[in-house]
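Shown here: model.cif, mmCIF, C-alpha atoms.
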data_upload
#
loop_
_atom_site.label_atom_id
_atom_site.label_comp_id
_atom_site.auth_asym_id
_atom_site.auth_seq_id
_atom_site.Cartn_x
_atom_site.Cartn_y
_atom_site.Cartn_z
CA MET A 1 295.57 173.44 -24.96
CA PRO A 2 298.27 171.94 -27.25
CA PRO A 3 301.75 173.46 -26.87
CA HIS A 4 301.54 175.32 -30.18
CA ALA A 5 298.20 176.94 -29.56
CA VAL A 6 297.62 180.59 -28.84
CA PRO A 7 294.34 182.06 -27.60
CA PRO A 8 292.17 182.24 -30.75
CA ASN A 9 291.30 185.90 -30.16
CA ALA A 10 295.04 186.66 -30.17
CA LEU A 11 295.60 185.20 -33.63
CA THR A 12 297.44 187.59 -35.92
CA PRO A 13 298.51 187.14 -39.54
CA ARG A 14 302.10 186.77 -38.33
CA ARG A 15 301.24 183.98 -35.91
CA ILE A 16 299.16 182.17 -38.52
CA ALA A 17 301.93 182.56 -41.08
CA ARG A 18 304.55 181.18 -38.68
CA PHE A 19 302.49 178.03 -38.20
CA TRP A 20 301.51 177.81 -41.88
CA LEU A 21 304.95 178.29 -43.44
CA PRO A 22 306.48 174.91 -42.43
CA LEU A 23 303.35 173.10 -43.64
CA GLU A 24 303.35 175.09 -46.88
CA ALA A 25 307.02 174.20 -47.35
CA THR A 26 306.05 170.55 -46.91
CA TRP A 27 303.24 170.71 -49.47
CA LEU A 28 305.36 172.76 -51.85
CA MET A 29 308.09 170.14 -51.77
CA MET A 30 305.49 167.44 -52.35
CA ALA A 31 304.15 169.51 -55.24
CA LEU A 32 307.65 169.57 -56.72
CA GLU A 33 307.96 165.79 -56.72
CA GLY A 34 305.49 165.41 -59.59
CA PRO A 35 307.28 167.86 -61.91
CA PHE A 36 310.64 166.39 -60.83
CA VAL A 37 309.59 162.86 -61.75
CA ALA A 38 307.93 164.03 -64.96
CA ALA A 39 311.13 165.88 -65.91
CA ILE A 40 313.15 162.66 -65.49
CA ILE A 41 310.66 160.63 -67.52
CA ALA A 42 310.57 163.28 -70.27
CA ARG A 43 314.34 162.90 -70.74
CA LEU A 44 314.28 159.09 -71.03
CA PRO A 45 313.38 157.00 -74.11
CA SER A 46 309.75 157.06 -75.33
CA PRO A 47 308.78 160.02 -73.12
CA LYS A 48 305.23 160.45 -74.41
CA GLU A 49 304.26 156.82 -73.76
CA ASN A 50 305.98 156.70 -70.37
CA LEU A 51 304.49 159.99 -69.18
CA ALA A 52 301.05 158.67 -70.09
CA ALA A 53 301.72 155.34 -68.31
CA PHE A 54 302.99 157.19 -65.23
CA ALA A 55 299.84 159.32 -65.21
CA VAL A 56 297.69 156.18 -65.24
CA ALA A 57 299.73 154.37 -62.55
CA SER A 58 299.84 157.35 -60.19
CA ALA A 59 296.11 158.04 -60.64
CA LEU A 60 295.25 154.46 -59.68
CA ALA A 61 297.67 154.53 -56.73
CA TRP A 62 296.04 157.73 -55.48
CA ILE A 63 292.60 156.19 -55.46
CA VAL A 64 293.87 153.13 -53.52
CA GLU A 65 295.54 155.38 -50.93
CA SER A 66 292.55 157.72 -50.69
CA PRO A 67 290.88 156.12 -47.61
CA ILE A 68 293.94 156.85 -45.47
CA ILE A 69 294.87 160.31 -46.76
CA MET A 70 292.73 162.07 -44.13
CA MET A 71 294.58 160.31 -41.30
CA LEU A 72 296.63 163.50 -40.90
CA SER A 73 293.54 165.56 -40.08
CA ALA A 74 292.10 162.77 -37.91
CA SER A 75 295.28 162.41 -35.89
CA ASN A 76 295.56 166.20 -35.56
CA ALA A 77 291.99 166.44 -34.28
CA LEU A 78 291.61 163.28 -32.16
CA VAL A 79 294.97 162.32 -30.61
CA GLN A 80 294.40 164.48 -27.54
CA ASP A 81 295.78 162.08 -24.91
CA GLY A 82 297.54 158.74 -24.52
CA LEU A 83 294.44 156.55 -24.63
CA ALA A 84 293.19 158.31 -27.76
CA CYS A 85 296.66 157.81 -29.28
CA ARG A 86 296.53 154.04 -28.72
CA LYS A 87 293.01 153.75 -30.12
CA MET A 88 293.78 155.85 -33.19
CA ARG A 89 297.04 153.98 -33.82
CA ARG A 90 295.21 150.64 -33.87
CA PHE A 91 292.61 152.09 -36.23
CA SER A 92 295.30 153.56 -38.48
CA ASN A 93 297.29 150.32 -38.65
CA ALA A 94 294.19 148.30 -39.57
CA LEU A 95 293.34 150.77 -42.33
CA ASN A 96 296.92 150.71 -43.64
CA ALA A 97 296.84 146.92 -43.86
CA ALA A 98 293.53 147.04 -45.74
CA VAL A 99 294.70 149.49 -48.42
CA THR A 100 297.95 147.56 -48.86
CA ALA A 101 295.92 144.39 -49.50
CA VAL A 102 293.86 146.25 -52.10
CA MET A 103 297.03 147.41 -53.85
CA ILE A 104 298.40 143.86 -53.96
CA VAL A 105 295.19 142.65 -55.59
CA LEU A 106 295.14 145.54 -58.06
CA ILE A 107 298.66 144.90 -59.41
CA THR A 108 297.98 141.24 -60.19
CA PRO A 109 297.96 140.98 -64.01
CA PRO A 110 294.34 139.81 -64.52
CA VAL A 111 292.89 142.48 -62.25
CA PHE A 112 295.05 145.27 -63.63
CA ALA A 113 294.28 144.24 -67.21
CA PHE A 114 290.58 144.42 -66.46
CA VAL A 115 290.89 147.89 -64.89
CA ALA A 116 293.30 149.40 -67.41
CA ARG A 117 291.95 147.90 -70.62
CA GLY A 118 288.38 146.98 -69.77
CA VAL A 119 287.38 149.95 -67.62
CA MET A 120 289.79 152.71 -68.68
CA GLY A 121 290.00 151.64 -72.32
CA LEU A 122 293.79 151.93 -72.61
CA GLU A 123 295.76 150.52 -75.51
CA PRO A 124 297.50 147.18 -74.69
CA GLY A 125 301.01 148.64 -74.84
CA LEU A 126 300.16 151.56 -72.57
CA ALA A 127 298.28 149.31 -70.15
CA GLY A 128 301.24 146.92 -69.92
CA LEU A 129 303.69 149.75 -69.30
CA ALA A 130 301.48 151.18 -66.56
CA GLY A 131 300.91 147.77 -64.97
CA ARG A 132 304.62 146.99 -64.69
CA SER A 133 305.30 150.37 -63.11
CA MET A 134 302.56 149.84 -60.50
CA ILE A 135 304.62 147.07 -58.84
CA PHE A 136 306.89 149.72 -57.34
CA LEU A 137 303.94 151.28 -55.52
CA VAL A 138 302.85 148.21 -53.54
CA LEU A 139 303.90 149.78 -50.20
CA TRP A 140 302.81 153.28 -51.19
CA PRO A 141 299.32 153.45 -49.59
CA GLY A 142 300.23 151.83 -46.27
CA ALA A 143 303.36 153.96 -45.91
CA ILE A 144 301.35 157.13 -46.52
CA GLY A 145 298.80 156.21 -43.85
CA PHE A 146 301.59 155.36 -41.40
CA ARG A 147 303.44 158.66 -41.83
CA ARG A 148 300.30 160.83 -41.88
CA PHE A 149 299.25 159.43 -38.49
CA TYR A 150 302.55 160.55 -36.96
CA GLN A 151 302.57 163.83 -38.87
CA GLY A 152 299.20 164.71 -37.35
CA ILE A 153 300.63 164.15 -33.88
CA LEU A 154 303.61 166.37 -34.70
CA ILE A 155 301.35 169.17 -35.95
CA ARG A 156 298.98 168.95 -32.97
CA ASN A 157 301.92 169.22 -30.61
CA GLY A 158 303.39 172.31 -32.24
CA ARG A 159 306.09 170.69 -34.37
CA PRO A 160 305.16 171.44 -38.01
CA GLN A 161 308.87 171.94 -38.79
CA ALA A 162 309.44 168.22 -38.19
CA VAL A 163 306.92 167.45 -40.93
CA THR A 164 308.93 169.65 -43.28
CA TRP A 165 312.16 167.78 -42.51
CA GLY A 166 310.39 164.50 -43.24
CA THR A 167 309.49 165.78 -46.68
CA VAL A 168 313.10 166.86 -47.29
CA ILE A 169 314.13 163.27 -46.59
CA ARG A 170 311.41 162.02 -48.94
CA LEU A 171 312.59 164.21 -51.80
CA ALA A 172 316.23 163.25 -51.27
CA ALA A 173 315.32 159.55 -51.33
CA MET A 174 313.22 160.09 -54.46
CA ALA A 175 316.00 161.90 -56.28
CA ALA A 176 318.58 159.25 -55.46
CA THR A 177 316.24 156.40 -56.40
CA GLY A 178 315.11 158.02 -59.63
CA LEU A 179 318.66 158.63 -60.80
CA LEU A 180 319.73 155.11 -59.79
CA LEU A 181 316.87 153.40 -61.61
CA ALA A 182 317.35 155.56 -64.71
CA LEU A 183 321.15 155.49 -64.99
CA ALA A 184 322.16 152.16 -63.44
CA PHE A 185 319.17 149.89 -64.12
CA ARG A 186 317.94 151.56 -67.35
CA LEU A 187 314.29 150.99 -66.45
CA PRO A 188 311.46 152.51 -68.51
CA GLY A 189 310.56 156.04 -67.49
CA ALA A 190 307.21 155.07 -65.92
CA SER A 191 308.93 152.52 -63.65
CA VAL A 192 311.62 155.06 -62.75
CA GLY A 193 308.88 157.48 -61.69
CA THR A 194 306.87 155.03 -59.59
CA GLY A 195 310.03 153.55 -58.08
CA ALA A 196 311.15 156.98 -56.95
CA LEU A 197 307.74 157.73 -55.46
CA GLY A 198 307.57 154.40 -53.64
CA VAL A 199 311.00 154.63 -52.01
CA GLY A 200 310.52 158.30 -51.14
CA VAL A 201 307.30 157.81 -49.20
CA VAL A 202 308.70 154.82 -47.26
CA ALA A 203 311.71 156.93 -46.25
CA GLU A 204 309.42 159.77 -45.13
CA ALA A 205 307.24 157.37 -43.13
CA ALA A 206 310.29 156.09 -41.24
CA ALA A 207 311.50 159.65 -40.60
CA SER A 208 308.07 160.77 -39.32
CA TRP A 209 307.91 157.87 -36.89
CA PHE A 210 311.44 158.62 -35.66
CA MET A 211 310.75 162.32 -35.11
CA ALA A 212 307.41 161.70 -33.34
CA ARG A 213 308.62 158.91 -31.06
CA ARG A 214 309.40 161.19 -28.07
CA THR A 215 306.00 162.89 -28.30
CA VAL A 216 304.23 159.56 -28.65
CA ARG A 217 306.16 158.16 -25.70
CA GLY A 218 304.99 161.08 -23.61
CA LEU A 219 301.37 160.51 -24.64
CA LEU A 220 301.45 156.78 -23.99
CA GLY A 221 302.98 157.39 -20.55
CA GLN A 222 299.83 159.16 -19.38
CA ASP A 223 297.58 157.47 -16.84
CA ASP A 224 294.45 156.15 -18.55
CA ALA A 225 292.36 157.55 -15.70
CA ALA A 226 293.46 161.06 -16.72
CA CYS A 227 292.59 160.51 -20.39
CA ALA A 228 289.00 161.78 -20.41
CA PHE A 229 288.86 162.32 -24.15
CA GLY A 230 290.39 158.93 -24.90
CA ARG A 231 287.89 157.13 -22.65
CA ALA A 232 285.04 158.75 -24.58
CA LEU A 233 286.63 157.92 -27.95
CA THR A 234 284.91 154.64 -28.77
CA ALA A 235 285.45 152.60 -31.93
CA GLY A 236 282.02 153.69 -33.14
CA ARG A 237 282.87 157.34 -32.63
CA ILE A 238 286.12 156.95 -34.56
CA VAL A 239 284.31 155.30 -37.46
CA ARG A 240 281.58 157.95 -37.48
CA PHE A 241 284.21 160.68 -37.51
CA TYR A 242 286.58 159.10 -40.01
CA GLY A 243 284.11 157.35 -42.32
CA PRO A 244 282.97 160.55 -44.07
CA LEU A 245 286.59 161.75 -44.31
CA ALA A 246 287.67 158.47 -45.94
CA LEU A 247 284.77 158.63 -48.38
CA THR A 248 285.58 162.28 -49.07
CA SER A 249 289.19 161.55 -49.98
CA PHE A 250 288.14 158.49 -52.01
CA LEU A 251 285.72 160.55 -54.08
CA THR A 252 288.24 163.39 -54.39
CA PHE A 253 291.01 161.09 -55.57
CA PHE A 254 288.59 159.30 -57.87
CA ILE A 255 288.64 162.50 -59.92
CA ASN A 256 292.19 161.59 -61.04
CA PRO A 257 291.41 158.22 -62.68
CA LEU A 258 288.14 159.74 -63.86
CA THR A 259 290.13 162.41 -65.69
CA THR A 260 292.38 159.80 -67.33
CA PHE A 261 289.25 157.85 -68.29
CA PHE A 262 287.80 160.78 -70.21
CA LEU A 263 291.14 161.83 -71.71
CA ALA A 264 291.64 158.28 -73.02
CA ARG A 265 288.27 158.52 -74.76
CA GLY A 266 288.60 162.08 -76.06
CA ARG A 267 290.40 163.54 -79.05
CA MET A 268 294.22 163.37 -79.02
CA PRO A 269 294.29 160.89 -76.11
CA LEU A 270 298.04 160.17 -76.02
CA GLU A 271 298.98 163.86 -76.09
CA SER A 272 296.35 164.67 -73.42
CA LEU A 273 297.51 161.87 -71.10
CA ALA A 274 301.18 162.79 -71.59
CA ALA A 275 300.52 166.46 -70.77
CA LEU A 276 298.32 165.65 -67.78
CA PRO A 277 301.01 165.03 -65.08
CA VAL A 278 303.02 168.05 -66.22
CA VAL A 279 300.06 170.45 -66.28
CA THR A 280 298.57 169.24 -62.99
CA GLY A 281 302.04 169.27 -61.44
CA LEU A 282 302.40 172.98 -62.25
CA VAL A 283 298.93 173.76 -60.88
CA PHE A 284 299.59 171.76 -57.72
CA LEU A 285 302.57 173.99 -56.95
CA PHE A 286 300.14 176.88 -56.52
CA ARG A 287 297.34 174.83 -54.93
CA SER A 288 299.72 173.70 -52.18
CA ALA A 289 299.41 177.01 -50.32
CA GLY A 290 295.69 176.48 -49.85
CA ILE A 291 295.86 172.75 -49.14
CA SER A 292 298.22 173.32 -46.21
CA MET A 293 295.69 175.66 -44.55
CA GLN A 294 293.37 172.80 -43.53
CA GLU A 295 295.73 171.60 -40.77
CA VAL A 296 296.38 175.20 -39.70
CA VAL A 297 292.64 175.79 -39.28
CA ILE A 298 292.18 172.56 -37.30
CA ALA A 299 295.07 173.44 -34.99
CA LEU A 300 294.39 177.15 -34.43
CA LEU A 301 290.62 177.64 -34.79
CA GLY A 302 289.86 177.16 -31.08
CA ASP A 303 287.12 175.04 -29.56
CA ASP A 304 284.70 177.98 -29.68
CA GLY A 305 285.62 178.89 -33.27
CA SER A 306 286.75 182.38 -32.26
CA GLY A 307 289.82 182.18 -34.47
CA ARG A 308 287.76 181.88 -37.63
CA ARG A 309 287.74 185.54 -38.63
CA ALA A 310 291.52 185.85 -38.60
CA LEU A 311 291.95 182.50 -40.36
CA SER A 312 289.35 183.41 -42.98
CA ARG A 313 291.05 186.69 -43.86
CA PHE A 314 294.44 185.00 -44.10
CA THR A 315 293.08 182.14 -46.25
CA ILE A 316 291.22 184.39 -48.70
CA ARG A 317 294.28 186.57 -49.25
CA LEU A 318 296.46 183.51 -49.65
CA GLY A 319 294.10 182.03 -52.24
CA ALA A 320 293.91 185.26 -54.20
CA VAL A 321 297.69 185.59 -54.36
CA SER A 322 298.11 181.93 -55.38
CA THR A 323 295.56 182.12 -58.19
CA THR A 324 297.00 185.40 -59.47
CA ALA A 325 300.50 183.93 -59.50
CA LEU A 326 299.36 180.83 -61.40
CA ALA A 327 297.52 182.96 -63.96
CA LEU A 328 300.60 185.12 -64.51
CA VAL A 329 302.77 182.06 -65.10
CA SER A 330 300.22 180.24 -67.29
CA LEU A 331 299.49 183.24 -69.50
CA SER A 332 303.09 184.37 -69.99
CA PRO A 333 306.24 182.99 -71.64
CA LEU A 334 307.10 181.53 -68.23
CA SER A 335 304.76 178.65 -69.02
CA MET A 336 306.89 177.55 -71.99
CA ILE A 337 310.01 177.80 -69.84
CA TRP A 338 308.35 175.48 -67.34
CA TYR A 339 307.05 173.00 -69.91
CA ARG A 340 310.13 172.99 -72.13
CA ARG A 341 313.17 173.60 -69.93
CA VAL A 342 312.01 172.38 -66.52
CA SER A 343 309.65 169.57 -67.51
CA GLY A 344 311.56 168.61 -70.65
CA LEU A 345 308.56 168.32 -72.98
CA SER A 346 309.07 168.37 -76.70
CA PRO A 347 308.18 171.67 -78.41
CA ASP A 348 304.87 170.41 -79.79
CA LEU A 349 303.79 168.83 -76.50
CA ALA A 350 304.82 171.95 -74.55
CA ALA A 351 302.74 174.15 -76.84
CA PHE A 352 299.85 171.70 -76.46
CA ALA A 353 300.02 172.00 -72.63
CA VAL A 354 299.81 175.80 -72.40
CA LEU A 355 296.06 176.30 -72.78
CA PRO A 356 295.02 173.37 -70.52
CA GLY A 357 297.23 174.83 -67.79
CA ALA A 358 295.79 178.33 -68.15
CA LEU A 359 292.23 176.99 -67.86
CA LEU A 360 293.05 175.73 -64.34
CA SER A 361 294.05 179.13 -62.96
CA LEU A 362 291.11 179.51 -60.55
CA LEU A 363 291.85 176.27 -58.67
CA PRO A 364 294.34 177.64 -56.07
CA PHE A 365 291.77 180.16 -54.79
CA LEU A 366 289.01 177.56 -54.62
CA GLU A 367 291.37 175.09 -52.92
CA SER A 368 292.07 177.65 -50.19
CA ILE A 369 288.38 178.20 -49.49
CA LEU A 370 287.74 174.44 -49.41
CA SER A 371 290.55 173.94 -46.89
CA LEU A 372 289.14 176.65 -44.63
CA GLU A 373 285.62 175.22 -44.63
CA ARG A 374 286.79 171.63 -44.21
CA GLY A 375 289.10 172.58 -41.37
CA VAL A 376 286.23 174.27 -39.52
CA LEU A 377 284.04 171.19 -39.88
CA VAL A 378 286.78 168.74 -38.86
CA ARG A 379 287.61 170.78 -35.76
CA ALA A 380 283.92 170.67 -34.85
CA HIS A 381 283.86 166.88 -35.50
CA ARG A 382 281.17 167.46 -38.16
CA THR A 383 282.52 165.50 -41.11
CA ALA A 384 279.29 164.44 -42.87
CA PRO A 385 278.79 167.73 -44.82
CA ILE A 386 282.27 167.32 -46.32
CA VAL A 387 281.38 164.08 -48.09
CA ILE A 388 278.12 165.57 -49.39
CA ALA A 389 280.07 168.46 -50.92
CA VAL A 390 282.67 166.25 -52.58
CA GLY A 391 279.95 163.96 -53.93
CA ALA A 392 278.34 166.93 -55.62
CA GLN A 393 281.78 168.04 -56.84
CA LEU A 394 282.37 164.66 -58.46
CA ALA A 395 278.93 164.66 -60.10
CA MET A 396 279.48 168.14 -61.57
CA THR A 397 282.96 167.20 -62.80
CA VAL A 398 281.58 164.13 -64.56
CA ALA A 399 278.76 166.14 -66.10
CA VAL A 400 281.13 168.70 -67.62
CA PHE A 401 283.51 166.00 -68.88
CA VAL A 402 280.61 164.14 -70.52
CA LEU A 403 279.36 167.33 -72.15
CA MET A 404 282.74 168.49 -73.45
CA VAL A 405 284.55 165.23 -74.28
CA LEU A 406 281.72 162.93 -75.35
CA GLY A 407 279.16 165.52 -76.44
CA LEU A 408 281.07 168.42 -77.96
CA LYS A 409 284.14 166.28 -78.90
CA VAL A 410 286.56 168.79 -77.36
CA VAL A 411 290.22 167.74 -77.11
CA GLY A 412 290.47 165.91 -73.79
CA ALA A 413 293.13 168.14 -72.21
CA LEU A 414 291.03 171.27 -72.85
CA ALA A 415 288.16 169.83 -70.81
CA ILE A 416 290.22 169.42 -67.62
CA GLY A 417 290.05 173.07 -66.56
CA PRO A 418 286.30 173.66 -67.02
CA ALA A 419 285.40 170.28 -65.50
CA LEU A 420 287.56 170.62 -62.38
CA THR A 421 286.69 174.28 -61.86
CA ALA A 422 282.95 173.59 -62.07
CA GLY A 423 283.37 170.76 -59.56
CA TYR A 424 285.31 172.92 -57.12
CA LEU A 425 282.77 175.73 -57.35
CA THR A 426 279.99 173.26 -56.56
CA SER A 427 281.83 171.93 -53.50
CA VAL A 428 282.63 175.40 -52.19
CA SER A 429 279.03 176.57 -52.51
CA ILE A 430 277.75 173.56 -50.53
CA LEU A 431 280.36 173.85 -47.77
CA LYS A 432 279.77 177.59 -47.38
CA ARG A 433 276.14 176.81 -46.61
CA GLY A 434 277.11 173.93 -44.30
CA THR A 435 279.37 175.99 -42.04
#

Would you mind giving the structure from this file in structure tokens?
Amino acid sequence: MPPHAVPPNALTPRRIARFWLPLEATWLMMALEGPFVAAIIARLPSPKENLAAFAVASALAWIVESPIIMMLSASNALVQDGLACRKMRRFSNALNAAVTAVMIVLITPPVFAFVARGVMGLEPGLAGLAGRSMIFLVLWPGAIGFRRFYQGILIRNGRPQAVTWGTVIRLAAMAATGLLLALAFRLPGASVGTGALGVGVVAEAAASWFMARRTVRGLLGQDDAACAFGRALTAGRIVRFYGPLALTSFLTFFINPLTTFFLARGRMPLESLAALPVVTGLVFLFRSAGISMQEVVIALLGDDGSGRRALSRFTIRLGAVSTTALALVSLSPLSMIWYRRVSGLSPDLAAFAVLPGALLSLLPFLESILSLERGVLVRAHRTAPIVIAVGAQLAMTVAVFVLMVLGLKVVGALAIGPALTAGYLTSVSILKRGT
């Protein structure tokens, strides 16, 4: 049993909360990075154009990084001894190299022009601004895969607080880089944003490796003969376990560029794209509580699943509180304080963002339920149902976007809430049946 674990039948809300809080702090800080960057961009020249370009660049970067985003859960679940650690590290490094190569190809001018203008239908000026800002994200996907491998080891071995400190370092590096690029180098806002993100994640990757090195050293010092799990962990088993997770995260992250695709083709495209990172940044603050539960479930569920009842009660309550809090903010004057004073939007753009944000209020609750069900399946090494659910989620999201944006000609930003909510509901209903 890992050092952090308690007998599943002894799980109490307090014990779950003590394990969850450092991970929630990590996700909450990551949720703050989007609004922080958007607030910087909003205060630089041409904020509307640069916010839109940053939304495009970050959406494309997310889809490139998507195959390695589940490395945290994989490392948490599979690095059970030294031999498994070596095998998973080789797998992780190969995957990191692959996504970095994809990013290098994507940022070459001909390829990016085809994607941004040919596929996404962006205006030439906006596409050029987004393309130049993407250069700062070349190391982004590989660095994320690298740090998530070591973060999974830290979590499995009862050190979620170390993950939190890594995120503190990331945010500090982001803040320093963003201010330097904006004030000293006078770069466009979109490049300031991506530069801050790129440097921040590299700093966090280095910190995660440094903090995990003693634990990793202890694992690698084990005698291979004593590593029963590692001996059984073949390359084929790793691929069968991780393949559905990689496809799941790819399809999930594909929702981001998909959203920009429809907003670019809907009514008021520039306003919708400019509001997108600010609105989704606010919602992500409240979704973070549920997202962090997936690793808690994997770590504390127990091999026999006897911790599920306590984890389910905790997760449902957490989701209900998060959704209620988001609704209260979105439907009150607090939303204008966020959009105007914190995010720095102009009065007209802030007013434009209020309703799209309110329409996303159900997402934190649904995110919590998804994390619970996914965590149960990952702990059981049953990852195939997860990709089926997210495939259905993507299909439903597309269907609602097509109906509202292309069929009913609704303003693009107003379609985000119904489309994403319908997709989440579809995924939850499938996973509930699968577990």

field: Residue nearest Ala206 (chain A) among A:Ala226, A:Ile369, A:Ala173, A:Val428 (counting only C-alpha atoms)
entry: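 Among A:Ala226, A:Ile369, A:Ala173, A:Val428, it is A:Ala173 that comes nearest to Ala206 (chain A).
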
task: With the file shown as input, list the residues that the PyMOL selection byres ((chain A and resi 65) around 9) selects, as a list in words.
output: Leu60, Ala61, Trp62, Ile63, Val64, Ser66, Pro67, Ile68, Ile69, Asn96, Val99, Thr100, Met103, Trp140, Pro141, Gly142, Ile144, Gly145, Ser249, Phe250 and Phe253 of chain A

field: Residues within 9 Å of Val329 (chain A), only C-alpha atoms, excluding chain neighbours under 5 positions, as a list in words
entry: Thr324, Leu334, Ser335, Trp338 and Ala358 of chain A

- prompt: Could you write out as an MDAnalysis selection string the residues that the PyMOL selection byres ((chain A and resi 231) around 10) matches in the shown file?
  reply: chainID A and resid 81:84 87 224:230 232:234

message: Here's the selection I'm unsure about, the PyMOL selection byres ((chain A and resi 305) around 12); applied to the file above, which residues does it give, as a PyMOL selection string?
response: chain A and resi 7-9+11+297-304+306-312+373+375-380+435

message: Env of Val321 (chain A): 12 Å cut, atoms = only C-alpha atoms, seq-sep filter 6 positions within chain, self excluded. Answer as an MDAnalysis selection string.
response: chainID A and resid 286:287 289:290 314:315 327:328 361:366 368

query: What is the CA of Leu247 (chain A)-CA of Ser292 (chain A) distance in Å, reported with one decimal?
result: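 CA of Ser292 (chain A) lies at a distance of 20.0 Å from CA of Leu247 (chain A).
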
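Shortest separation to Val216 (chain A) among A:Gly417, A:Gly319, A:Gly152, A:Gly195 occurs at residue A:Gly152, atoms counted being only C-alpha atoms.
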
message: Taking all atoms listed in the file into account, name the residue in A:Arg341, A:Arg86, A:Arg15, A:Lys409 that is nearest to Arg267 (chain A).
response: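 Closest to Arg267 (chain A) of all the choices is A:Lys409.
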
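If all atoms listed in the file are the atoms counted, then among A:Ala182, A:Thr177, A:Ser191, A:Ala77 the closest residue to Leu129 (chain A) is A:Ser191.
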
message: If we count only C-alpha atoms and set the cut-off at 10 Å, which residues sit around Val115 (chain A), ignoring sequence neighbours fewer than 6 positions away in its own chain? Please answer as a PyMOL selection string.
response: chain A and resi 60+106-107+109+121-122+127

Go ahead and write the residues just picked, C-alpha atoms, as a short mmCIF file (atom, residue, chain, number, x, y, z; two decimals), in the frame of the given file.
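Output below, filename part.cif:
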data_model
loop_
_atom_site.label_atom_id
_atom_site.label_comp_id
_atom_site.auth_asym_id
_atom_site.auth_seq_id
_atom_site.Cartn_x
_atom_site.Cartn_y
_atom_site.Cartn_z
CA LEU A 60 295.25 154.46 -59.68
CA LEU A 106 295.14 145.54 -58.06
CA ILE A 107 298.66 144.90 -59.41
CA PRO A 109 297.96 140.98 -64.01
CA GLY A 121 290.00 151.64 -72.32
CA LEU A 122 293.79 151.93 -72.61
CA ALA A 127 298.28 149.31 -70.15
#

- request: Please identify all polymer residues within 9 Å of Leu21 (chain A), counting only C-alpha atoms, omitting same-chain residues fewer than 3 positions from it, and present them as a ChimeraX atom specification.
  value: /A:16-18,24-26,160-161,289,292
